[in-house]
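**Q** My structure is stored as data.txt, with compact mmCIF, C-alpha atoms.
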```
# COMPACT_ATOMS: atom_id res chain seq x y z
CA MET B 1241 0.00 0.00 0.00
CA ARG B 1242 2.82 2.43 0.88
CA LYS B 1243 4.55 1.72 -2.43
CA LEU B 1244 1.34 2.40 -4.31
CA MET B 1245 0.83 5.72 -2.51
CA LEU B 1246 4.43 6.73 -3.21
CA LEU B 1247 4.07 5.86 -6.90
CA CYS B 1248 0.85 7.88 -7.08
CA LEU B 1249 2.50 10.90 -5.46
CA LEU B 1250 5.50 10.65 -7.79
CA GLY B 1251 3.13 10.37 -10.73
CA LEU B 1252 1.28 13.50 -9.65
CA GLY B 1253 4.57 15.40 -9.45
CA LEU B 1254 5.60 14.24 -12.91
CA ASN B 1255 2.21 15.21 -14.34
CA ALA B 1256 2.45 18.66 -12.73
CA ASN B 1257 5.85 19.18 -14.39
CA ALA B 1258 4.66 17.70 -17.69
CA GLN B 1259 2.44 20.72 -18.27
CA TYR B 1260 5.55 22.94 -18.26
CA GLN B 1261 7.78 20.80 -20.49
CA GLN B 1262 7.13 22.91 -23.58
CA ASP B 1263 8.49 25.93 -21.66
CA VAL B 1264 12.00 24.44 -21.52
CA VAL B 1265 12.51 22.84 -24.95
CA SER B 1266 14.41 25.83 -26.38
CA GLY B 1267 15.96 29.13 -25.43
CA ASP B 1268 13.07 30.95 -27.12
CA ALA B 1269 10.50 28.91 -25.21
CA ILE B 1270 12.04 29.47 -21.79
CA ILE B 1271 12.37 33.24 -22.30
CA LYS B 1272 8.78 33.47 -23.54
CA ALA B 1273 7.65 31.50 -20.46
CA LEU B 1274 9.70 33.71 -18.10
CA TYR B 1275 8.02 36.89 -19.34
CA ASP B 1276 4.62 35.24 -19.48
CA VAL B 1277 4.65 33.82 -15.96
CA ILE B 1278 5.45 37.12 -14.21
CA SER B 1279 3.05 39.13 -16.37
CA GLY B 1280 -0.65 39.69 -16.17
CA PRO B 1281 -3.41 42.02 -15.14
CA SER B 1282 -4.19 42.48 -11.47
CA SER B 1283 -6.94 39.87 -11.78
CA LYS B 1284 -4.50 37.12 -12.87
CA THR B 1285 -2.93 34.85 -10.25
CA ARG B 1286 0.63 33.99 -11.26
CA ASP B 1287 1.65 30.34 -11.69
CA TRP B 1288 4.65 30.23 -9.36
CA ASP B 1289 5.14 26.48 -9.84
CA ARG B 1290 5.70 27.20 -13.52
CA PHE B 1291 8.18 29.96 -12.58
CA ARG B 1292 10.10 27.60 -10.29
CA PHE B 1293 10.26 24.94 -13.03
CA LEU B 1294 12.20 27.31 -15.32
CA PHE B 1295 15.17 27.66 -12.96
CA GLY B 1296 18.10 25.42 -12.13
CA LYS B 1297 18.68 24.31 -8.54
CA GLU B 1298 21.32 26.96 -7.70
CA ALA B 1299 19.85 29.78 -9.84
CA ARG B 1300 20.19 33.41 -8.84
CA MET B 1301 18.43 36.62 -9.75
CA MET B 1302 20.32 39.89 -9.50
CA THR B 1303 19.38 43.49 -10.08
CA ALA B 1304 21.51 46.61 -10.46
CA VAL B 1305 19.89 49.32 -8.38
CA PRO B 1306 20.78 52.96 -7.84
CA HIS B 1307 22.24 53.67 -4.42
CA LYS B 1308 22.38 57.18 -2.96
CA ASP B 1309 25.89 56.75 -1.54
CA SER B 1310 27.71 54.55 -4.02
CA GLY B 1311 26.19 54.92 -7.48
CA THR B 1312 24.85 51.47 -8.32
CA ILE B 1313 24.84 48.26 -6.29
CA ILE B 1314 23.83 44.64 -6.96
CA ARG B 1315 21.07 42.89 -5.04
CA THR B 1316 21.03 39.08 -5.31
CA ILE B 1317 18.13 36.77 -4.51
CA THR B 1318 16.96 33.25 -5.31
CA PRO B 1319 13.88 32.62 -7.47
CA GLU B 1320 12.02 31.64 -4.30
CA GLN B 1321 12.92 34.96 -2.67
CA TYR B 1322 11.73 36.72 -5.83
CA ILE B 1323 8.34 35.06 -5.41
CA GLU B 1324 8.19 35.96 -1.70
CA ARG B 1325 9.18 39.59 -2.30
CA ASN B 1326 7.36 40.33 -5.56
CA GLY B 1327 4.56 37.80 -6.02
CA LYS B 1328 1.77 39.73 -4.36
CA ARG B 1329 2.98 43.10 -5.64
CA LEU B 1330 3.15 41.99 -9.30
CA GLN B 1331 -0.49 41.01 -9.12
CA GLU B 1332 -1.52 44.18 -7.27
CA ILE B 1333 0.02 46.52 -9.85
CA GLY B 1334 -1.07 44.55 -12.91
CA PHE B 1335 2.52 44.07 -14.05
CA ILE B 1336 3.03 43.16 -17.70
CA GLU B 1337 6.54 42.74 -19.08
CA LYS B 1338 7.32 42.02 -22.72
CA GLU B 1339 10.49 41.47 -24.67
CA LEU B 1340 11.40 44.18 -27.20
CA HIS B 1341 14.60 42.70 -28.62
CA ARG B 1342 17.11 39.93 -27.92
CA ILE B 1343 20.73 39.19 -28.71
CA THR B 1344 21.69 35.53 -28.19
CA GLU B 1345 25.12 33.89 -27.96
CA ALA B 1346 25.56 30.16 -27.39
CA HIS B 1347 28.32 27.60 -27.04
CA GLY B 1348 27.74 23.99 -26.05
CA ALA B 1349 25.61 23.85 -22.92
CA VAL B 1350 25.81 27.62 -22.31
CA THR B 1351 23.48 30.23 -23.77
CA HIS B 1352 23.51 33.93 -22.95
CA MET B 1353 20.61 36.20 -23.86
CA PHE B 1354 20.62 39.97 -23.64
CA SER B 1355 16.88 40.65 -23.55
CA THR B 1356 15.56 44.21 -23.72
CA TYR B 1357 12.18 44.55 -22.03
CA GLN B 1358 9.36 46.96 -21.42
CA SER B 1359 7.25 46.83 -18.26
CA ASP B 1360 3.77 48.31 -17.93
CA PHE B 1361 2.11 48.58 -14.53
CA THR B 1362 -0.14 50.78 -12.40
CA VAL B 1363 0.97 52.56 -9.22
CA ASN B 1364 -1.63 54.47 -7.18
CA GLY B 1365 -3.97 54.47 -10.17
CA ASN B 1366 -1.32 55.89 -12.52
CA ALA B 1367 -0.12 53.93 -15.55
CA GLN B 1368 3.66 53.57 -15.53
CA GLN B 1369 6.17 52.22 -18.00
CA SER B 1370 9.84 51.33 -17.76
CA ARG B 1371 12.43 49.64 -19.93
CA GLY B 1372 15.60 47.78 -19.12
CA ILE B 1373 17.78 44.84 -20.03
CA ASN B 1374 17.79 41.29 -18.67
CA SER B 1375 21.05 39.39 -18.97
CA ILE B 1376 19.87 35.77 -18.86
CA GLN B 1377 22.16 32.75 -18.68
CA LEU B 1378 20.82 29.33 -19.61
CA PHE B 1379 22.15 25.81 -19.16
CA TYR B 1380 21.18 23.00 -21.55
CA ASP B 1381 21.65 19.51 -20.11
CA GLY B 1382 20.88 17.68 -23.35
CA SER B 1383 17.16 17.38 -22.70
CA ARG B 1384 15.96 20.76 -21.42
CA TYR B 1385 17.01 24.33 -20.67
CA TYR B 1386 17.36 25.82 -17.19
CA ILE B 1387 17.71 29.46 -16.21
CA VAL B 1388 20.96 29.74 -14.25
CA SER B 1389 20.80 33.49 -13.65
CA VAL B 1390 18.88 36.61 -14.51
CA PHE B 1391 20.73 39.91 -13.99
CA TRP B 1392 18.81 43.03 -14.90
CA ASP B 1393 19.21 46.78 -14.98
CA GLY B 1394 15.84 48.43 -14.89
CA ASP B 1395 17.00 51.99 -14.28
CA SER B 1396 14.58 53.82 -16.57
CA LYS B 1397 16.71 56.98 -16.40
CA LYS B 1398 19.40 55.27 -18.47
CA THR B 1399 19.24 55.41 -22.25
CA ILE B 1400 19.19 52.03 -23.96
CA ASP B 1401 21.60 51.80 -26.88
CA LYS B 1402 19.88 51.29 -30.25
CA LYS B 1403 21.64 47.96 -30.82
CA TYR B 1404 19.70 46.54 -27.85
CA LEU B 1405 16.42 47.82 -29.28
CA GLY B 1406 16.89 46.18 -32.67
CA ASN B 1407 17.09 49.51 -34.51
```
Just give me the structure as structure tokens.

**A**
Amino acid sequence: MRKLMLLCLLGLGLNANAQYQQDVVSGDAIIKALYDVISGPSSKTRDWDRFRFLFGKEARMMTAVPHKDSGTIIRTITPEQYIERNGKRLQEIGFIEKELHRITEAHGAVTHMFSTYQSDFTVNGNAQQSRGINSIQLFYDGSRYYIVSVFWDGDSKKTIDKKYLGN
């Protein structure tokens, strides 16, 4: 009986992940899924299990943020910390992020994507928009892609070079 219950639980876990398999079959698919899973109107609940499935075990997310005393600093978090810190807020502000342009470099199991994005959201009833660049590193293990890191600079005061906008 215990073995049967264990097999059933394992089967449920595999089925839950099976729905996300198409998200990790290519670099294009995983980037599309990354933007899709964090985006949506305030009425849309985000699928955080899908988000988790995109990342490798030791993945990190980093952001370059302005600092009043030292110019710019880096803040590093795990994908789980991202969910804890931003999950509720993304839904509250109706956050929608889309890719504007991408430059991709790959060698063997390593792929790097420089992905320019635009974010639309609402703060205190006012529509806001910002643009920035995600530096995304992927690992391909021979059967699927994993996000290893996402490092972004979302300082909307900075001008984005035309080559990163596809112009």

**Q** From the set B:Ile1400, B:Ile1278, B:Ala1349, B:Leu1330, which residue has the shortest atom-to-atom contact distance to Tyr1386 of chain B, counting all atoms listed in the file?

**A**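 That would be B:Ala1349, the residue with the smallest distance to Tyr1386 of chain B.
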
**Q** Pick out the closest residue to Phe1391 of chain B from this set: B:Gly1365, B:Gly1334, B:Gly1267, B:Gly1372. Count all atoms listed in the file.

**A**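 Closest to Phe1391 of chain B, using all atoms listed in the file: B:Gly1372.
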
**Q** Could you jot down the atom CA of Thr1399 of chain B to atom CA of Gln1369 of chain B separation for me, Å, one decimal place?

**A**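 About the pair atom CA of Thr1399 of chain B and atom CA of Gln1369 of chain B: they are 14.1 Å apart.
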
**Q** What does the structure give for the distance between atom CA of Glu1320 of chain B and atom CA of Val1388 of chain B, in Å to one decimal?

**A**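 Rounded to one decimal, the two atoms are 13.5 Å apart.
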
**Q** Kindly give the distance, in Å, that separates atom CA of Met1353 of chain B and atom CA of Val1264 of chain B, rounded to a single decimal.

**A**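 The value is 14.8 Å.
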
**Q** Pick the closest to Leu1340 of chain B from B:Arg1300, B:Arg1371, B:His1307, B:His1352: which is it, counting all atoms listed in the file?

**A**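 Among the listed residues, the smallest separation from Leu1340 of chain B belongs to B:Arg1371.
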
**Q** Could you give me, as number ranges by chain, the residues that sit within 9 Å of (20.8, 38.3, -2.3) in the file's coordinates, counting only C-alpha atoms?

**A** B: 1300-1302, 1314-1318, 1321

**Q** Between B:Phe1354, B:Tyr1380, B:Tyr1385, B:Trp1288, which one has atoms that come closest to Gly1327 of chain B, using all atoms listed in the file?

**A**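 Closest to Gly1327 of chain B, using all atoms listed in the file: B:Trp1288.
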
**Q** Go through B:His1347, B:Arg1342, B:Lys1308, B:Arg1329 one by one, measure the shortest atom-to-atom distance of each to Val1363 of chain B using only C-alpha atoms, and give the residue with the smallest value.

**A**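 Counting only C-alpha atoms, the residue closest to Val1363 of chain B is B:Arg1329.
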
**Q** Measuring atom to atom with all atoms listed in the file, identify which of B:Gly1394, B:Gly1348, B:Gly1382, B:Gly1406 is nearest to Val1305 of chain B.

**A** B:Gly1394

**Q** Might you pull out every residue within 8 Å of Tyr1275 of chain B, with only C-alpha atoms counted and same-chain residues fewer than 3 positions away left off, and present them as a list in words?

**A** Ile1271, Lys1272, Ile1278, Ser1279, Glu1337, Lys1338 and Glu1339 of chain B
